[in-house]
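S.K.: So that we are looking at the same thing, I have put the structure below in structure tokens.
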2 protein chains.
Amino acid sequence: MNTTILVVDDEQRMRTLLKDFLAQKDYSVIEAKDGEEALEIFQEKQDIIKLILLDVMMPKLDGWSVLRQIRQTSKVPIIMLTARGEEQDELFGFELGVDEYISKPFSPKILVARVEAILKRTNPKTNKVIEYGGIEIDESGRTVKVDGKVVEMSLREYELLKYMVDNIGIALPRDKILNNVWNYDYYGDSRTIDSHIKKIRHKLGKKGKYIKTMRGIGYKFEIK
Amino acid sequence: MNTTILVVDDEQRMRTLLKDFLAQKDYSVIEAKDGEEALEIFQEKQDIIKLILLDVMMPKLDGWSVLRQIRQTSKVPIIMLTARGEEQDELFGFELGVDEYISKPFSPKILVARVEAILKRTNPKTNKVIEYGGIEIDESGRTVKVDGKVVEMSLREYELLKYMVDNIGIALPRDKILNNVWNYDYYGDSRTIDSHIKKIRHKLGKKGKYIKTMRGIGYKFEIK
DNA sequence: CTAGTTTGTGAAATATTTTTAAAGTTTTTA
DNA sequence: TAAAAACTTTAAAAATATTTCACAAACTAG
């Protein structure tokens, strides 16, 4: 299946232009003619939309509002289409998670180049899988496999394991783990980490030994 | 140590401007006034340069040539500084691995925002290793290697060794060691240090002799 | 050279930390 | 809303680390 891009712009001409150029590179394009429609469509097709081209100036709901709403639930890459000379807005946008700006008028070739660059860096391979020593973590599916066999993990177990694997080779103090895997304001017994570690080790079977106990500190994930 | 950025531009004014803004965010800046100088400096300081801001239009060797040469040996992130209206060049640059374009004149705030965004996504983490005479201390992993072989150290042993190595060549009195490695309010026998020294020496094997006894004072770590 | 002082060493005594299992809680799900 | 699943807490057991001690060895000053 092709990569799908949502194009949001109030001008019919602009939408068609973008669609044509993207189609040449084999992208599927969905169009929305204003912010409201964009949100509706995104709601419905969140799973297949891999990137959004979003005009800033639109009737009903402008680009910034759409951006803000989408960012509450999704990290889909977004390229903003701006008129020249809107720099102060750019800064504002970066904080909200804009990936790129392209100012109108633009050359369609550049647009396509940037789209490809962004897709490349955000979707290195359709679904990212981390793998160390026979332990696979599929981020998009939130699943863990040990030697190819799926192992069920609860939320905390998954997040704790992933946090350790993301920081492979690094000794993680208990308080750091609490801050990163639990809410920063979690106020409870740090022994609770140990309980989860025990369960994860058990589920990993033999490979549970990759979780090293750092006595007096916390834990560390390490293949060896 | 701070993150170091190489700024390449032929205009003195521009270099100073960039330097000032980056310095505010605690980056160290190295300047180069043309492409040739840039390559020389990069050659020499490849290890510490974490990002390059590269002007396109320069005498002697322009930005594109510098980019191409650097890309043969390094993936360091590069931001190109272009004059407006050089769109066709942009396309060309993406293929060569340009990470970002910023067109002059730009708001310094945006520049800093982009620099931070790029560094964040390309340098997720770094781990520091101290090494003297075949003794390696990996701080992030809290591990010690002797001649490449991991040696298990307990908390106190690790911290005591690290304290001495951090103060290589300095004679450390017992009371200073207690204050720095033990809790400041430790109330116990200072002979405890001796016990740990003994164990560390033993674990370091032949290299245990790098821990010198300073009679009547304390201990000292020294390669010799 | 020798008495006095300081450091090295091994083992015992303490202390601390982690593991484990099981019992409460809370949250989610059907 | 009852049952199931997930999460947290607890407490005893196990593992490991730290401290102390007693004596031997090494060093230093006189």
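Numbering starts fresh at 1 for the residues of each chain in the structure tokens, the chains themselves are lettered A, B, ... in the order given, and ligands are numbered from 1 as they appear.
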What does the Cα RMSD come to when chain A is optimally superposed on chain B over every C-alpha atom in order?

M.R.: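 The C-alpha RMSD comes to 15.6 Å.
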
S.K.: Give me the residues within 10 Å of range 19-25 of chain D as a VMD selection string, counting only C-alpha atoms (C1' of nucleotides) and dropping any in the same chain fewer than 6 places off.

M.R.: (chain B and resid 188 to 193 195) or (chain C and resid 7 to 9 11 to 15)

S.K.: Could you dump the residues just selected with N, CA and C atoms (P, O5', C5', C4', C3', O3' and C1' of nucleotides) as an mmCIF file, in the first residue's frame?

M.R.:
```cif
data_model
loop_
_atom_site.group_PDB
_atom_site.id
_atom_site.type_symbol
_atom_site.label_atom_id
_atom_site.label_comp_id
_atom_site.auth_asym_id
_atom_site.auth_seq_id
_atom_site.Cartn_x
_atom_site.Cartn_y
_atom_site.Cartn_z
ATOM 1 N N GLY B 188 32.212 6.588 61.472
ATOM 2 C CA GLY B 188 32.774 5.259 61.641
ATOM 3 C C GLY B 188 34.287 5.281 61.546
ATOM 4 N N ASP B 189 34.817 4.119 61.543
ATOM 5 C CA ASP B 189 36.256 3.952 61.546
ATOM 6 C C ASP B 189 36.820 4.284 60.168
ATOM 7 N N SER B 190 37.896 5.070 60.145
ATOM 8 C CA SER B 190 38.443 5.413 58.837
ATOM 9 C C SER B 190 39.271 4.251 58.294
ATOM 10 N N ARG B 191 39.452 3.246 59.099
ATOM 11 C CA ARG B 191 40.145 2.053 58.606
ATOM 12 C C ARG B 191 39.299 1.313 57.566
ATOM 13 N N THR B 192 38.037 1.668 57.565
ATOM 14 C CA THR B 192 37.132 1.110 56.560
ATOM 15 C C THR B 192 37.673 1.350 55.152
ATOM 16 N N ILE B 193 38.262 2.506 54.967
ATOM 17 C CA ILE B 193 38.845 2.815 53.668
ATOM 18 C C ILE B 193 39.875 1.754 53.284
ATOM 19 N N SER B 195 40.129 -1.263 54.068
ATOM 20 C CA SER B 195 39.505 -2.506 53.645
ATOM 21 C C SER B 195 39.104 -2.446 52.180
ATOM 22 P P DT C 7 48.526 5.125 57.628
ATOM 23 O "O5'" DT C 7 48.716 3.632 57.092
ATOM 24 C "C5'" DT C 7 49.822 3.323 56.248
ATOM 25 C "C4'" DT C 7 49.811 1.847 55.931
ATOM 26 C "C3'" DT C 7 48.591 1.346 55.159
ATOM 27 O "O3'" DT C 7 49.061 0.557 54.078
ATOM 28 C "C1'" DT C 7 48.955 0.004 57.059
ATOM 29 P P DG C 8 48.057 -0.170 53.109
ATOM 30 O "O5'" DG C 8 48.193 -1.678 53.582
ATOM 31 C "C5'" DG C 8 49.401 -2.383 53.296
ATOM 32 C "C4'" DG C 8 49.202 -3.869 53.549
ATOM 33 C "C3'" DG C 8 48.050 -4.504 52.773
ATOM 34 O "O3'" DG C 8 48.487 -5.779 52.310
ATOM 35 C "C1'" DG C 8 47.685 -4.782 55.112
ATOM 36 P P DT C 9 47.589 -6.652 51.413
ATOM 37 O "O5'" DT C 9 46.852 -7.572 52.468
ATOM 38 C "C5'" DT C 9 47.647 -8.328 53.387
ATOM 39 C "C4'" DT C 9 46.750 -9.214 54.223
ATOM 40 C "C3'" DT C 9 45.519 -9.758 53.490
ATOM 41 O "O3'" DT C 9 45.553 -11.163 53.618
ATOM 42 C "C1'" DT C 9 44.911 -8.818 55.588
ATOM 43 P P DA C 11 40.324 -16.310 55.615
ATOM 44 O "O5'" DA C 11 39.435 -15.945 56.874
ATOM 45 C "C5'" DA C 11 40.070 -15.701 58.134
ATOM 46 C "C4'" DA C 11 39.019 -15.236 59.105
ATOM 47 C "C3'" DA C 11 37.628 -15.820 58.834
ATOM 48 O "O3'" DA C 11 37.008 -16.051 60.076
ATOM 49 C "C1'" DA C 11 37.518 -13.480 58.719
ATOM 50 P P DA C 12 35.601 -16.732 60.167
ATOM 51 O "O5'" DA C 12 34.873 -15.780 61.222
ATOM 52 C "C5'" DA C 12 35.642 -15.186 62.274
ATOM 53 C "C4'" DA C 12 34.827 -14.067 62.868
ATOM 54 C "C3'" DA C 12 33.344 -14.402 63.030
ATOM 55 O "O3'" DA C 12 32.930 -13.929 64.301
ATOM 56 C "C1'" DA C 12 33.592 -12.490 61.624
ATOM 57 P P DA C 13 31.429 -13.935 64.714
ATOM 58 O "O5'" DA C 13 31.006 -12.441 64.425
ATOM 59 C "C5'" DA C 13 31.660 -11.382 65.114
ATOM 60 C "C4'" DA C 13 30.958 -10.087 64.747
ATOM 61 C "C3'" DA C 13 29.449 -10.109 64.963
ATOM 62 O "O3'" DA C 13 29.095 -8.853 65.486
ATOM 63 C "C1'" DA C 13 29.906 -9.577 62.719
ATOM 64 P P DT C 14 27.663 -8.605 66.119
ATOM 65 O "O5'" DT C 14 27.130 -7.409 65.229
ATOM 66 C "C5'" DT C 14 27.462 -7.431 63.863
ATOM 67 C "C4'" DT C 14 27.311 -6.060 63.285
ATOM 68 C "C3'" DT C 14 25.868 -5.590 63.229
ATOM 69 O "O3'" DT C 14 25.864 -4.183 63.253
ATOM 70 C "C1'" DT C 14 26.649 -6.162 61.050
ATOM 71 P P DA C 15 24.442 -3.403 63.241
ATOM 72 O "O5'" DA C 15 24.299 -3.061 61.703
ATOM 73 C "C5'" DA C 15 25.399 -2.485 61.000
ATOM 74 C "C4'" DA C 15 24.999 -2.346 59.556
ATOM 75 C "C3'" DA C 15 23.544 -1.910 59.346
ATOM 76 O "O3'" DA C 15 23.602 -0.752 58.556
ATOM 77 C "C1'" DA C 15 24.047 -3.825 58.018
#
```

S.K.: Please identify every residue of chain A that has at least one atom no more than 8 Å from any atom of chain C, counting only C-alpha atoms (C1' of nucleotides), and report them as a list in words.

M.R.: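 Listing them in order of chain and number gives Asp194, Lys198, Arg215 and Gly216 of chain A.
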
S.K.: Could the residues of chain D within 8 Å of chain A, counting only C-alpha atoms (C1' of nucleotides), be given as a JSON list (two decimals) with C-alpha atoms (C1' of nucleotides), in the first residue's frame, please?

M.R.:
```json
[["chain", "number", "residue", "atom", "x", "y", "z"],
["D", 6, "DA", "C1'", -2.76, -4.82, 36.46],
["D", 8, "DT", "C1'", 1.28, -1.44, 44.57],
["D", 9, "DT", "C1'", 2.53, -2.59, 49.09]]
```

S.K.: Set the distance at 12 Å and use only C-alpha atoms (C1' of nucleotides): which residues neighbour Asn183 in chain B once local chain neighbours fewer than 6 positions away are removed? I'd like the list as number ranges by chain.

M.R.: B: 156, 159, 175-177

S.K.: Those residues you just picked out, can you put them in a file as a PDB file, in the first residue's frame with C-alpha atoms?

M.R.:
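Generated file (selection18.pdb):
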```pdb
ATOM      1  CA  ARG B 156      31.707   1.843  47.516  1.00  0.00           C
ATOM      2  CA  GLU B 159      32.947   5.293  43.969  1.00  0.00           C
ATOM      3  CA  ASP B 175      39.158  12.508  55.945  1.00  0.00           C
ATOM      4  CA  LYS B 176      38.750  13.966  52.493  1.00  0.00           C
ATOM      5  CA  ILE B 177      37.997  10.535  51.102  1.00  0.00           C
TER       6      ILE B 177
END
```
